[in-house]
>>> print(open('coords08.csv').read())   # CSV, C-alpha atoms and all ligand atoms
chain,number,residue,atom,x,y,z
X,29,MET,CA,104.5,188.7,43.6
X,30,SER,CA,101.0,190.1,42.9
X,31,GLY,CA,100.4,193.6,41.5
X,32,PRO,CA,102.4,195.4,38.9
X,33,LEU,CA,106.2,196.0,39.2
X,34,LEU,CA,105.7,199.7,38.5
X,35,GLU,CA,102.5,201.6,38.6
X,36,VAL,CA,102.5,205.3,37.5
X,37,ARG,CA,99.2,207.0,38.0
X,38,ASP,CA,98.2,210.6,37.1
X,39,LEU,CA,101.8,211.7,37.0
X,40,GLU,CA,102.0,215.5,36.3
X,41,VAL,CA,105.3,217.3,36.0
X,42,GLY,CA,105.7,221.1,35.7
X,43,PHE,CA,108.3,223.8,35.7
X,44,GLY,CA,108.2,227.4,36.8
X,45,ARG,CA,106.4,228.8,39.9
X,46,GLY,CA,104.2,226.1,41.4
X,47,GLY,CA,104.9,223.9,38.3
X,48,ARG,CA,102.6,226.1,36.3
X,49,HIS,CA,104.3,225.2,33.0
X,50,ARG,CA,103.1,221.7,32.9
X,51,VAL,CA,104.9,219.2,30.6
X,52,LEU,CA,103.4,215.9,31.7
X,53,HIS,CA,99.6,215.5,31.9
X,54,ARG,CA,98.0,212.7,33.9
X,55,VAL,CA,100.5,210.1,32.7
X,56,SER,CA,99.3,206.6,33.8
X,57,PHE,CA,100.7,203.2,32.9
X,58,GLN,CA,102.0,200.0,34.5
X,59,VAL,CA,105.0,197.7,33.9
X,60,GLN,CA,104.2,194.1,34.9
X,61,HIS,CA,106.9,191.7,36.0
X,62,ARG,CA,108.9,190.5,32.9
X,63,GLN,CA,107.1,193.0,30.7
X,64,ARG,CA,109.0,195.0,28.1
X,65,LEU,CA,107.1,198.3,27.7
X,66,GLY,CA,108.2,200.7,25.0
X,67,LEU,CA,107.7,204.4,25.3
X,68,ILE,CA,107.8,206.3,22.0
X,69,GLY,CA,107.1,209.9,21.0
X,70,GLU,CA,108.9,212.7,19.3
X,71,SER,CA,111.5,214.9,20.8
X,72,GLY,CA,110.1,217.0,23.7
X,73,SER,CA,107.0,214.8,24.2
X,74,GLY,CA,108.0,214.0,27.8
X,75,LYS,CA,109.6,210.5,27.6
X,76,SER,CA,112.7,211.3,29.5
X,77,LEU,CA,110.9,213.3,32.2
X,78,THR,CA,108.7,210.3,32.7
X,79,ALA,CA,111.7,208.0,33.2
X,80,LEU,CA,113.4,210.6,35.5
X,81,ALA,CA,110.3,210.9,37.6
X,82,VAL,CA,110.2,207.1,38.1
X,83,MET,CA,113.9,207.1,39.1
X,84,GLY,CA,113.5,210.0,41.4
X,85,LEU,CA,116.0,212.0,39.3
X,86,LEU,CA,113.8,215.0,38.2
X,87,PRO,CA,115.7,218.3,38.3
X,88,ASP,CA,115.1,220.4,41.4
X,89,SER,CA,113.2,223.0,39.3
X,90,ALA,CA,110.5,220.4,38.5
X,91,THR,CA,107.3,219.9,40.5
X,92,ALA,CA,105.7,216.5,40.4
X,93,SER,CA,102.3,215.2,41.6
X,94,GLY,CA,100.4,211.9,41.2
X,95,SER,CA,101.8,208.5,42.1
X,96,VAL,CA,104.8,206.3,41.2
X,97,ARG,CA,104.6,203.0,42.9
X,98,PHE,CA,107.4,200.5,42.6
X,99,ARG,CA,106.4,197.0,44.0
X,100,GLY,CA,103.7,198.8,45.8
X,101,GLU,CA,105.9,201.4,47.5
X,102,GLU,CA,105.3,205.1,46.8
X,103,LEU,CA,108.4,206.8,45.3
X,104,LEU,CA,107.2,210.2,44.2
X,105,ASN,CA,108.6,213.0,46.3
X,106,ARG,CA,110.3,210.6,48.7
X,107,PRO,CA,113.7,211.5,50.3
X,108,ASP,CA,116.7,210.8,48.1
X,109,ARG,CA,118.2,208.3,50.5
X,110,VAL,CA,115.1,206.0,49.9
X,111,LEU,CA,115.5,206.4,46.2
X,112,ALA,CA,119.2,206.0,46.2
X,113,ARG,CA,118.7,202.6,47.9
X,114,LEU,CA,116.5,201.4,45.0
X,115,ARG,CA,118.5,202.9,42.2
X,116,GLY,CA,121.2,200.6,40.9
X,117,ASP,CA,119.8,197.9,43.1
X,118,ARG,CA,116.1,197.1,42.3
X,119,MET,CA,115.9,199.7,39.6
X,120,ALA,CA,118.6,200.7,37.1
X,121,MET,CA,118.7,203.1,34.2
X,122,VAL,CA,120.8,203.3,31.0
X,123,PHE,CA,121.0,206.6,29.3
X,124,GLN,CA,121.6,207.5,25.6
X,125,GLU,CA,125.2,208.7,26.2
X,126,PRO,CA,127.4,206.2,28.0
X,127,MET,CA,129.8,208.8,29.2
X,128,THR,CA,127.1,210.3,31.5
X,129,ALA,CA,127.3,207.0,33.5
X,130,LEU,CA,131.1,206.4,33.3
X,131,ASP,CA,133.9,208.1,35.2
X,132,PRO,CA,136.6,209.0,32.6
X,133,THR,CA,139.3,208.7,35.2
X,134,MET,CA,138.6,205.1,36.4
X,135,GLN,CA,139.2,201.8,34.8
X,136,VAL,CA,135.9,200.3,33.7
X,137,GLY,CA,136.3,197.1,35.7
X,138,ARG,CA,136.6,199.1,38.9
X,139,GLN,CA,133.5,201.0,38.0
X,140,VAL,CA,131.5,197.8,37.6
X,141,ALA,CA,133.0,196.5,40.8
X,142,GLU,CA,132.0,199.7,42.6
X,143,VAL,CA,128.4,199.1,41.7
X,144,ILE,CA,128.5,195.6,43.1
X,145,ARG,CA,130.3,196.7,46.3
X,146,LEU,CA,127.8,199.6,46.9
X,147,HIS,CA,124.8,197.4,46.6
X,148,GLN,CA,125.9,193.9,47.5
X,149,GLY,CA,128.5,194.9,50.1
X,150,ALA,CA,131.1,192.6,48.6
X,151,PRO,CA,134.8,193.5,49.2
X,152,ALA,CA,136.4,195.0,46.1
X,153,GLY,CA,138.8,192.1,45.5
X,154,THR,CA,136.2,189.3,45.4
X,155,ALA,CA,134.2,191.1,42.8
X,156,ARG,CA,136.8,190.8,40.1
X,157,GLN,CA,135.7,187.5,38.6
X,158,LEU,CA,132.1,188.6,38.7
X,159,VAL,CA,133.1,191.7,36.8
X,160,VAL,CA,135.0,189.8,34.2
X,161,ASP,CA,132.0,187.4,33.8
X,162,MET,CA,129.7,190.3,33.5
X,163,LEU,CA,131.8,192.0,30.8
X,164,SER,CA,131.8,188.7,29.0
X,165,ALA,CA,128.0,188.4,29.3
X,166,VAL,CA,127.5,191.7,27.6
X,167,ASP,CA,129.6,190.3,24.7
X,168,LEU,CA,132.7,192.4,25.2
X,169,PRO,CA,135.8,190.9,23.6
X,170,GLN,CA,138.7,189.9,25.8
X,171,PRO,CA,136.9,190.9,29.0
X,172,ASP,CA,140.0,190.2,31.2
X,173,ARG,CA,141.8,192.9,29.3
X,174,ILE,CA,138.9,195.3,29.0
X,175,VAL,CA,138.5,195.2,32.7
X,176,ASN,CA,141.6,197.4,33.0
X,177,ALA,CA,140.7,199.8,30.2
X,178,PHE,CA,139.7,203.4,30.7
X,179,PRO,CA,136.5,204.6,29.0
X,180,HIS,CA,138.3,206.6,26.4
X,181,GLN,CA,140.1,203.4,25.2
X,182,LEU,CA,136.7,201.8,24.2
X,183,SER,CA,134.4,202.4,21.3
X,184,GLY,CA,130.9,203.9,21.9
X,185,GLY,CA,129.3,200.5,21.6
X,186,GLN,CA,131.7,199.0,24.0
X,187,ARG,CA,131.2,201.8,26.5
X,188,GLN,CA,127.4,201.3,26.3
X,189,ARG,CA,127.9,197.6,27.0
X,190,VAL,CA,129.9,198.4,30.0
X,191,VAL,CA,127.1,200.7,31.2
X,192,LEU,CA,124.7,197.8,30.6
X,193,ALA,CA,126.9,195.5,32.7
X,194,MET,CA,126.8,198.1,35.5
X,195,ALA,CA,123.0,198.4,35.2
X,196,LEU,CA,122.5,194.6,35.2
X,197,VAL,CA,125.1,193.3,37.6
X,198,ASN,CA,122.8,193.6,40.7
X,199,HIS,CA,119.9,192.0,38.9
X,200,PRO,CA,117.4,194.8,39.1
X,201,ASP,CA,113.7,194.1,38.8
X,202,LEU,CA,113.2,197.1,36.5
X,203,LEU,CA,115.5,198.4,33.9
X,204,ILE,CA,114.8,201.8,32.3
X,205,CYS,CA,116.6,202.5,29.0
X,206,ASP,CA,116.4,206.0,27.6
X,207,GLU,CA,117.4,205.8,23.9
X,208,PRO,CA,120.2,203.4,24.8
X,209,THR,CA,121.4,202.9,21.2
X,210,THR,CA,120.5,206.2,19.5
X,211,ALA,CA,124.1,207.4,19.7
X,212,LEU,CA,125.5,204.3,18.1
X,213,ASP,CA,125.8,203.3,14.4
X,214,VAL,CA,123.4,200.7,13.1
X,215,THR,CA,125.5,197.6,13.3
X,216,VAL,CA,126.7,198.4,16.8
X,217,GLN,CA,123.1,199.3,17.8
X,218,ALA,CA,122.0,195.8,16.7
X,219,LYS,CA,124.7,194.2,18.9
X,220,VAL,CA,123.8,196.3,22.0
X,221,LEU,CA,120.1,195.4,21.5
X,222,ARG,CA,120.9,191.7,21.2
X,223,VAL,CA,122.9,191.9,24.5
X,224,LEU,CA,120.0,193.8,26.1
X,225,ASP,CA,117.5,191.2,24.8
X,226,ALA,CA,119.5,188.3,26.1
X,227,ALA,CA,119.8,190.0,29.5
X,228,LEU,CA,116.2,190.7,29.8
X,229,THR,CA,115.3,187.2,28.7
X,230,ALA,CA,117.7,185.5,31.1
X,231,GLU,CA,116.9,187.7,34.1
X,232,HIS,CA,113.1,188.1,33.5
X,233,GLU,CA,113.4,191.7,34.3
X,234,GLY,CA,110.8,194.3,33.6
X,235,CYS,CA,111.8,197.0,31.2
X,236,LEU,CA,110.7,200.5,30.3
X,237,PHE,CA,112.4,201.2,26.9
X,238,ILE,CA,112.3,204.7,25.6
X,239,SER,CA,112.9,205.3,21.9
X,240,HIS,CA,111.8,207.3,19.0
X,241,ASP,CA,112.5,204.4,16.7
X,242,LEU,CA,109.5,202.2,16.1
X,243,ALA,CA,111.5,199.4,14.5
X,244,VAL,CA,113.7,199.1,17.6
X,245,VAL,CA,110.7,199.1,19.9
X,246,SER,CA,109.0,196.5,17.8
X,247,GLN,CA,112.1,194.3,18.1
X,248,VAL,CA,112.7,194.7,21.9
X,249,CYS,CA,109.2,195.3,23.4
X,250,SER,CA,106.0,193.4,23.8
X,251,ASP,CA,103.9,196.5,24.6
X,252,VAL,CA,104.1,200.1,23.8
X,253,LEU,CA,102.9,203.5,24.9
X,254,VAL,CA,102.8,206.5,22.5
X,255,MET,CA,103.3,209.9,24.0
X,256,LEU,CA,102.4,213.2,22.5
X,257,GLU,CA,102.8,216.6,24.1
X,258,GLY,CA,103.1,215.1,27.6
X,259,ARG,CA,100.1,212.7,27.3
X,260,ILE,CA,99.8,209.0,26.6
X,261,VAL,CA,97.7,208.8,23.5
X,262,ASP,CA,97.9,205.2,22.5
X,263,ALA,CA,98.8,202.0,24.5
X,264,GLY,CA,98.7,198.3,24.0
X,265,PRO,CA,100.6,195.3,22.5
X,266,VAL,CA,103.1,196.4,19.9
X,267,THR,CA,101.4,194.4,17.2
X,268,ASP,CA,98.0,196.1,17.9
X,269,VAL,CA,99.3,199.6,18.3
X,270,PHE,CA,101.5,199.5,15.3
X,271,GLY,CA,99.3,197.1,13.3
X,272,GLN,CA,96.0,199.0,13.8
X,273,PRO,CA,96.9,202.3,15.3
X,274,ARG,CA,93.9,204.0,17.0
X,275,HIS,CA,95.3,207.5,17.4
X,276,PRO,CA,96.0,209.6,14.2
X,277,TYR,CA,99.4,210.5,15.6
X,278,THR,CA,100.3,206.8,15.9
X,279,ALA,CA,99.0,206.2,12.4
X,280,GLY,CA,101.3,208.9,11.2
X,281,LEU,CA,104.3,207.5,13.0
X,282,VAL,CA,103.6,204.1,11.6
X,283,ALA,CA,103.1,205.4,8.1
X,284,THR,CA,106.5,207.1,8.2
X,285,ALA,CA,108.2,204.1,9.6
X,286,ARG,CA,106.5,201.9,7.0
X,287,LEU,CA,105.5,199.4,9.6
X,288,ASP,CA,102.0,199.6,8.1
X,289,GLN,CA,103.2,197.3,5.4
X,290,VAL,CA,103.0,194.5,7.9
X,291,GLN,CA,99.8,192.5,7.2
X,292,PRO,CA,97.1,192.4,9.8
X,293,GLY,CA,97.7,189.4,12.1
X,294,GLN,CA,101.3,189.1,10.9
X,295,ARG,CA,103.8,189.1,13.8
X,296,LEU,CA,106.3,191.9,13.7
X,297,PRO,CA,109.9,190.6,13.7
X,298,THR,CA,111.5,190.4,17.1
X,299,LEU,CA,115.1,189.9,18.1
X,300,ALA,CA,114.2,186.3,18.9
X,301,ASP,CA,113.9,185.8,15.1
X,302,PHE,CA,117.6,186.5,14.7
X,303,TYR,CA,119.1,185.4,18.0
X,304,ARG,CA,118.6,182.8,20.7
X,305,PRO,CA,120.2,183.9,23.9
X,306,ASP,CA,122.1,181.3,25.8
X,307,GLN,CA,120.3,181.8,29.1
X,308,ALA,CA,122.7,179.5,31.0
X,309,SER,CA,125.7,181.7,30.3
X,310,TRP,CA,124.3,184.7,32.2
X,311,PRO,CA,126.5,185.3,35.3
X,312,ARG,CA,125.0,185.3,38.8
G,1,LIG,N1,114.8,221.3,33.2
G,1,LIG,C1,113.8,221.6,32.4
G,1,LIG,N2,113.2,222.9,32.6
G,1,LIG,C2,112.2,223.3,31.8
G,1,LIG,N3,111.6,222.5,30.9
G,1,LIG,C3,112.1,221.2,30.7
G,1,LIG,C4,113.2,220.7,31.5
G,1,LIG,N4,113.5,219.5,31.1
G,1,LIG,C5,112.6,219.2,30.1
G,1,LIG,N5,111.7,220.2,29.9
G,1,LIG,C6,110.6,220.3,28.9
G,1,LIG,O1,109.8,219.2,29.1
G,1,LIG,C7,109.3,218.7,27.9
G,1,LIG,C8,109.6,217.2,27.8
G,1,LIG,O2,111.0,217.0,27.8
G,1,LIG,P1,111.6,215.5,27.7
G,1,LIG,O3,113.1,215.6,27.9
G,1,LIG,O4,110.9,214.6,28.7
G,1,LIG,O5,111.3,215.1,26.2
G,1,LIG,P2,111.7,213.7,25.4
G,1,LIG,O6,110.4,213.2,24.8
G,1,LIG,O7,112.5,212.8,26.3
G,1,LIG,O8,112.6,214.3,24.3
G,1,LIG,P3,114.0,213.7,23.6
G,1,LIG,O9,113.5,212.6,22.7
G,1,LIG,O10,114.5,214.9,22.8
G,1,LIG,O11,114.9,213.3,24.7
G,1,LIG,C9,110.0,219.5,26.8
G,1,LIG,O12,109.1,220.4,26.3
G,1,LIG,C10,111.2,220.1,27.5
G,1,LIG,O13,111.4,221.4,26.9
>>> encode(input="coords08.csv", output="structure tokens", more="lines below")
Ligand SMILES: Nc1ncnc2c1ncn2[C@@H]1O[C@H](COP(=O)(O)OP(=O)(O)OP(=O)(O)O)[C@@H](O)[C@H]1O
Amino acid sequence: MSGPLLEVRDLEVGFGRGGRHRVLHRVSFQVQHRQRLGLIGESGSGKSLTALAVMGLLPDSATASGSVRFRGEELLNRPDRVLARLRGDRMAMVFQEPMTALDPTMQVGRQVAEVIRLHQGAPAGTARQLVVDMLSAVDLPQPDRIVNAFPHQLSGGQRQRVVLAMALVNHPDLLICDEPTTALDVTVQAKVLRVLDAALTAEHEGCLFISHDLAVVSQVCSDVLVMLEGRIVDAGPVTDVFGQPRHPYTAGLVATARLDQVQPGQRLPTLADFYRPDQASWPR
């Protein structure tokens, strides 16, 4: 397909009467097919609101203007039934805290099956094998047992992998991740990132990956946007933006993350340096 997967142009979001308290200022960027675009910036810079605007999940108190086009179709300020059709089907989102996406009263297998049923129309029974395959693909141990577990019986990292399974099971074109591993400890974080990397590689999905962690973004993403006080201040391939930052704010971020010790021209390590996903094992 020609044209970008996602095109955000002059997105402005404000709160208060008439959106007078503006928090996003003329935010413009594109996500191409198969591109992994990182979005970094400090707390309060506007990363989450950017993602929520794309997903049509801004709070009612927000006023938004500009344009958000997904595969050429305008989404901004469209009715919720149009956006609900796209969410979980062509676009999916993973939040920082897995319990926001999970129902504590329902077995996780049923929750994954429910997503399949809603969007693929499959009867609940036929989905079971696909659910087990999906839980196995996100590297959950004993998936045929975990399918019957309730969220509170799983660890944080296991829950986030269930959420990833729910986000990926309908093969969305665009996956938005908002700090998906921030709540996890470092080893579990690495595991969830490996699963995500394998999924994105196997499915050729586009990804908007929000993080405040430059090292994580340099591992997962090919390109990056740097956001400061509601504006994009730097953008480009990860190696360029982190290797030769143009904006002083980016230079400061890089200095504190010590990514400046990477020699010019030297490739930053990526997950592929540590892990080769088995593309054939990804369930369909
Ligand atoms: N519902 C709301 N009402 C008023 N202001 C809000 C609301 N939600 C967010 N904001 C403001 O918008 C700005 C951007 O918030 P946003 O959540 O997008 O930041 P962020 O970069 O994702 O931060 P974090 O990394 O902490 O999640 C902040 O100044 C925040 O206070």
>>> closest_residue(input="coords08.csv", among="X:Val261, X:Val254, X:Ala230, X:Met121", to="ligand LIG 1 (chain G)", atoms="all atoms listed in the file")
X:Val254
>>> closest_residue(input="coords08.csv", among="X:Leu39, X:Leu86, X:Ala211, X:Leu224", to="ligand LIG 1 (chain G)", atoms="only C-alpha atoms and all ligand atoms")
X:Leu86
>>> residues_near_ligand(input="coords08.csv", ligand="ligand LIG 1 (chain G)", cutoff="9 Å", atoms="all atoms listed in the file", output="mmCIF file with C-alpha atoms, in the frame of the given file")
data_model
loop_
_atom_site.group_PDB
_atom_site.id
_atom_site.type_symbol
_atom_site.label_atom_id
_atom_site.label_comp_id
_atom_site.auth_asym_id
_atom_site.auth_seq_id
_atom_site.Cartn_x
_atom_site.Cartn_y
_atom_site.Cartn_z
ATOM 1 C CA VAL X 41 105.300 217.300 36.000
ATOM 2 C CA GLY X 42 105.700 221.100 35.700
ATOM 3 C CA PHE X 43 108.300 223.800 35.700
ATOM 4 C CA GLY X 44 108.200 227.400 36.800
ATOM 5 C CA HIS X 49 104.300 225.200 33.000
ATOM 6 C CA ARG X 50 103.100 221.700 32.900
ATOM 7 C CA VAL X 51 104.900 219.200 30.600
ATOM 8 C CA LEU X 52 103.400 215.900 31.700
ATOM 9 C CA ILE X 68 107.800 206.300 22.000
ATOM 10 C CA GLY X 69 107.100 209.900 21.000
ATOM 11 C CA GLU X 70 108.900 212.700 19.300
ATOM 12 C CA SER X 71 111.500 214.900 20.800
ATOM 13 C CA GLY X 72 110.100 217.000 23.700
ATOM 14 C CA SER X 73 107.000 214.800 24.200
ATOM 15 C CA GLY X 74 108.000 214.000 27.800
ATOM 16 C CA LYS X 75 109.600 210.500 27.600
ATOM 17 C CA SER X 76 112.700 211.300 29.500
ATOM 18 C CA LEU X 77 110.900 213.300 32.200
ATOM 19 C CA THR X 78 108.700 210.300 32.700
ATOM 20 C CA ALA X 79 111.700 208.000 33.200
ATOM 21 C CA LEU X 80 113.400 210.600 35.500
ATOM 22 C CA LEU X 86 113.800 215.000 38.200
ATOM 23 C CA PRO X 87 115.700 218.300 38.300
ATOM 24 C CA ASP X 88 115.100 220.400 41.400
ATOM 25 C CA SER X 89 113.200 223.000 39.300
ATOM 26 C CA ALA X 90 110.500 220.400 38.500
ATOM 27 C CA GLN X 124 121.600 207.500 25.600
ATOM 28 C CA ASP X 206 116.400 206.000 27.600
ATOM 29 C CA GLU X 207 117.400 205.800 23.900
ATOM 30 C CA ILE X 238 112.300 204.700 25.600
ATOM 31 C CA SER X 239 112.900 205.300 21.900
ATOM 32 C CA HIS X 240 111.800 207.300 19.000
ATOM 33 C CA MET X 255 103.300 209.900 24.000
ATOM 34 C CA LEU X 256 102.400 213.200 22.500
ATOM 35 C CA GLU X 257 102.800 216.600 24.100
ATOM 36 C CA GLY X 258 103.100 215.100 27.600
#
>>> residues_around(input="coords08.csv", residues="stretch 165-172 of chain X", least_positions_apart="4", cutoff="10 Å", atoms="all atoms listed in the file", output="ChimeraX atom specification")
/X:137,156-157,159-161,176-177,185-193,196,219-220,222-224,226-227,306,309-311
>>> atom_distance(input="coords08.csv", atom1="atom CA of X:Asp117", atom2="atom CA of X:Leu236")
15.9 Å
>>> atom_distance(input="coords08.csv", atom1="atom CA of X:Ala129", atom2="atom CA of X:Leu163")
15.9 Å
>>> closest_residue(input="coords08.csv", among="X:Glu40, X:Pro132, X:Ala120, X:Arg115", to="X:Ser93", atoms="only C-alpha atoms")
X:Glu40
>>> closest_residue(input="coords08.csv", among="X:Asp213, X:Arg62, X:Glu35, X:Phe270", to="X:Leu104", atoms="all atoms listed in the file")
X:Glu35
>>> closest_residue(input="coords08.csv", among="X:Val59, X:Ala92, X:Thr133, X:Thr229", to="X:Gly46", atoms="all atoms listed in the file")
X:Ala92
>>> decode(input="coords08.csv", residues="stretch 155-180 of chain X", atoms="N, CA and C atoms", output="PDB file, in the first residue's frame")
ATOM      1  N   ALA X 155     -11.776 -20.818  19.212  1.00  0.00           N
ATOM      2  CA  ALA X 155     -10.626 -19.939  19.416  1.00  0.00           C
ATOM      3  C   ALA X 155      -9.606 -20.538  20.372  1.00  0.00           C
ATOM      4  N   ARG X 156      -9.973 -21.600  21.118  1.00  0.00           N
ATOM      5  CA  ARG X 156      -9.101 -22.050  22.203  1.00  0.00           C
ATOM      6  C   ARG X 156      -7.685 -22.390  21.730  1.00  0.00           C
ATOM      7  N   GLN X 157      -7.560 -23.142  20.651  1.00  0.00           N
ATOM      8  CA  GLN X 157      -6.226 -23.520  20.204  1.00  0.00           C
ATOM      9  C   GLN X 157      -5.408 -22.296  19.797  1.00  0.00           C
ATOM     10  N   LEU X 158      -6.075 -21.364  19.145  1.00  0.00           N
ATOM     11  CA  LEU X 158      -5.380 -20.132  18.754  1.00  0.00           C
ATOM     12  C   LEU X 158      -4.905 -19.355  19.979  1.00  0.00           C
ATOM     13  N   VAL X 159      -5.744 -19.364  21.023  1.00  0.00           N
ATOM     14  CA  VAL X 159      -5.363 -18.675  22.264  1.00  0.00           C
ATOM     15  C   VAL X 159      -4.124 -19.333  22.867  1.00  0.00           C
ATOM     16  N   VAL X 160      -4.133 -20.659  22.944  1.00  0.00           N
ATOM     17  CA  VAL X 160      -2.979 -21.377  23.514  1.00  0.00           C
ATOM     18  C   VAL X 160      -1.735 -21.094  22.664  1.00  0.00           C
ATOM     19  N   ASP X 161      -1.876 -21.135  21.337  1.00  0.00           N
ATOM     20  CA  ASP X 161      -0.735 -20.852  20.456  1.00  0.00           C
ATOM     21  C   ASP X 161      -0.204 -19.438  20.689  1.00  0.00           C
ATOM     22  N   MET X 162      -1.148 -18.534  20.891  1.00  0.00           N
ATOM     23  CA  MET X 162      -0.774 -17.131  21.075  1.00  0.00           C
ATOM     24  C   MET X 162      -0.031 -16.951  22.404  1.00  0.00           C
ATOM     25  N   LEU X 163      -0.530 -17.600  23.459  1.00  0.00           N
ATOM     26  CA  LEU X 163       0.140 -17.501  24.762  1.00  0.00           C
ATOM     27  C   LEU X 163       1.535 -18.129  24.684  1.00  0.00           C
ATOM     28  N   SER X 164       1.658 -19.170  23.884  1.00  0.00           N
ATOM     29  CA  SER X 164       2.962 -19.790  23.696  1.00  0.00           C
ATOM     30  C   SER X 164       3.882 -18.870  22.900  1.00  0.00           C
ATOM     31  N   ALA X 165       3.327 -18.173  21.907  1.00  0.00           N
ATOM     32  CA  ALA X 165       4.142 -17.274  21.075  1.00  0.00           C
ATOM     33  C   ALA X 165       4.701 -16.102  21.874  1.00  0.00           C
ATOM     34  N   VAL X 166       3.981 -15.677  22.918  1.00  0.00           N
ATOM     35  CA  VAL X 166       4.520 -14.596  23.760  1.00  0.00           C
ATOM     36  C   VAL X 166       5.362 -15.171  24.899  1.00  0.00           C
ATOM     37  N   ASP X 167       5.744 -16.442  24.710  1.00  0.00           N
ATOM     38  CA  ASP X 167       6.753 -17.059  25.559  1.00  0.00           C
ATOM     39  C   ASP X 167       6.276 -17.299  26.983  1.00  0.00           C
ATOM     40  N   LEU X 168       4.976 -17.558  27.139  1.00  0.00           N
ATOM     41  CA  LEU X 168       4.470 -17.900  28.468  1.00  0.00           C
ATOM     42  C   LEU X 168       4.671 -19.391  28.694  1.00  0.00           C
ATOM     43  N   PRO X 169       5.183 -19.769  29.880  1.00  0.00           N
ATOM     44  CA  PRO X 169       5.396 -21.185  30.154  1.00  0.00           C
ATOM     45  C   PRO X 169       4.054 -21.900  30.333  1.00  0.00           C
ATOM     46  N   GLN X 170       3.996 -23.135  29.934  1.00  0.00           N
ATOM     47  CA  GLN X 170       2.791 -23.964  30.082  1.00  0.00           C
ATOM     48  C   GLN X 170       1.516 -23.209  29.667  1.00  0.00           C
ATOM     49  N   PRO X 171       1.459 -22.804  28.426  1.00  0.00           N
ATOM     50  CA  PRO X 171       0.315 -21.997  27.991  1.00  0.00           C
ATOM     51  C   PRO X 171      -1.029 -22.697  28.156  1.00  0.00           C
ATOM     52  N   ASP X 172      -1.040 -24.049  28.083  1.00  0.00           N
ATOM     53  CA  ASP X 172      -2.330 -24.733  28.234  1.00  0.00           C
ATOM     54  C   ASP X 172      -2.809 -24.723  29.681  1.00  0.00           C
ATOM     55  N   ARG X 173      -1.925 -24.351  30.609  1.00  0.00           N
ATOM     56  CA  ARG X 173      -2.383 -24.150  32.001  1.00  0.00           C
ATOM     57  C   ARG X 173      -2.690 -22.672  32.248  1.00  0.00           C
ATOM     58  N   ILE X 174      -1.827 -21.810  31.706  1.00  0.00           N
ATOM     59  CA  ILE X 174      -2.019 -20.370  31.935  1.00  0.00           C
ATOM     60  C   ILE X 174      -3.341 -19.887  31.358  1.00  0.00           C
ATOM     61  N   VAL X 175      -3.798 -20.559  30.334  1.00  0.00           N
ATOM     62  CA  VAL X 175      -5.064 -20.191  29.705  1.00  0.00           C
ATOM     63  C   VAL X 175      -6.211 -20.140  30.728  1.00  0.00           C
ATOM     64  N   ASN X 176      -6.102 -20.968  31.769  1.00  0.00           N
ATOM     65  CA  ASN X 176      -7.160 -21.025  32.788  1.00  0.00           C
ATOM     66  C   ASN X 176      -6.872 -20.153  34.012  1.00  0.00           C
ATOM     67  N   ALA X 177      -5.746 -19.450  34.004  1.00  0.00           N
ATOM     68  CA  ALA X 177      -5.367 -18.658  35.185  1.00  0.00           C
ATOM     69  C   ALA X 177      -6.109 -17.325  35.203  1.00  0.00           C
ATOM     70  N   PHE X 178      -6.288 -16.815  36.405  1.00  0.00           N
ATOM     71  CA  PHE X 178      -6.808 -15.450  36.552  1.00  0.00           C
ATOM     72  C   PHE X 178      -5.611 -14.488  36.638  1.00  0.00           C
ATOM     73  N   PRO X 179      -5.807 -13.228  36.252  1.00  0.00           N
ATOM     74  CA  PRO X 179      -4.674 -12.298  36.244  1.00  0.00           C
ATOM     75  C   PRO X 179      -3.880 -12.261  37.545  1.00  0.00           C
ATOM     76  N   HIS X 180      -4.556 -12.350  38.713  1.00  0.00           N
ATOM     77  CA  HIS X 180      -3.822 -12.228  39.971  1.00  0.00           C
ATOM     78  C   HIS X 180      -2.919 -13.429  40.233  1.00  0.00           C
TER      79      HIS X 180
END
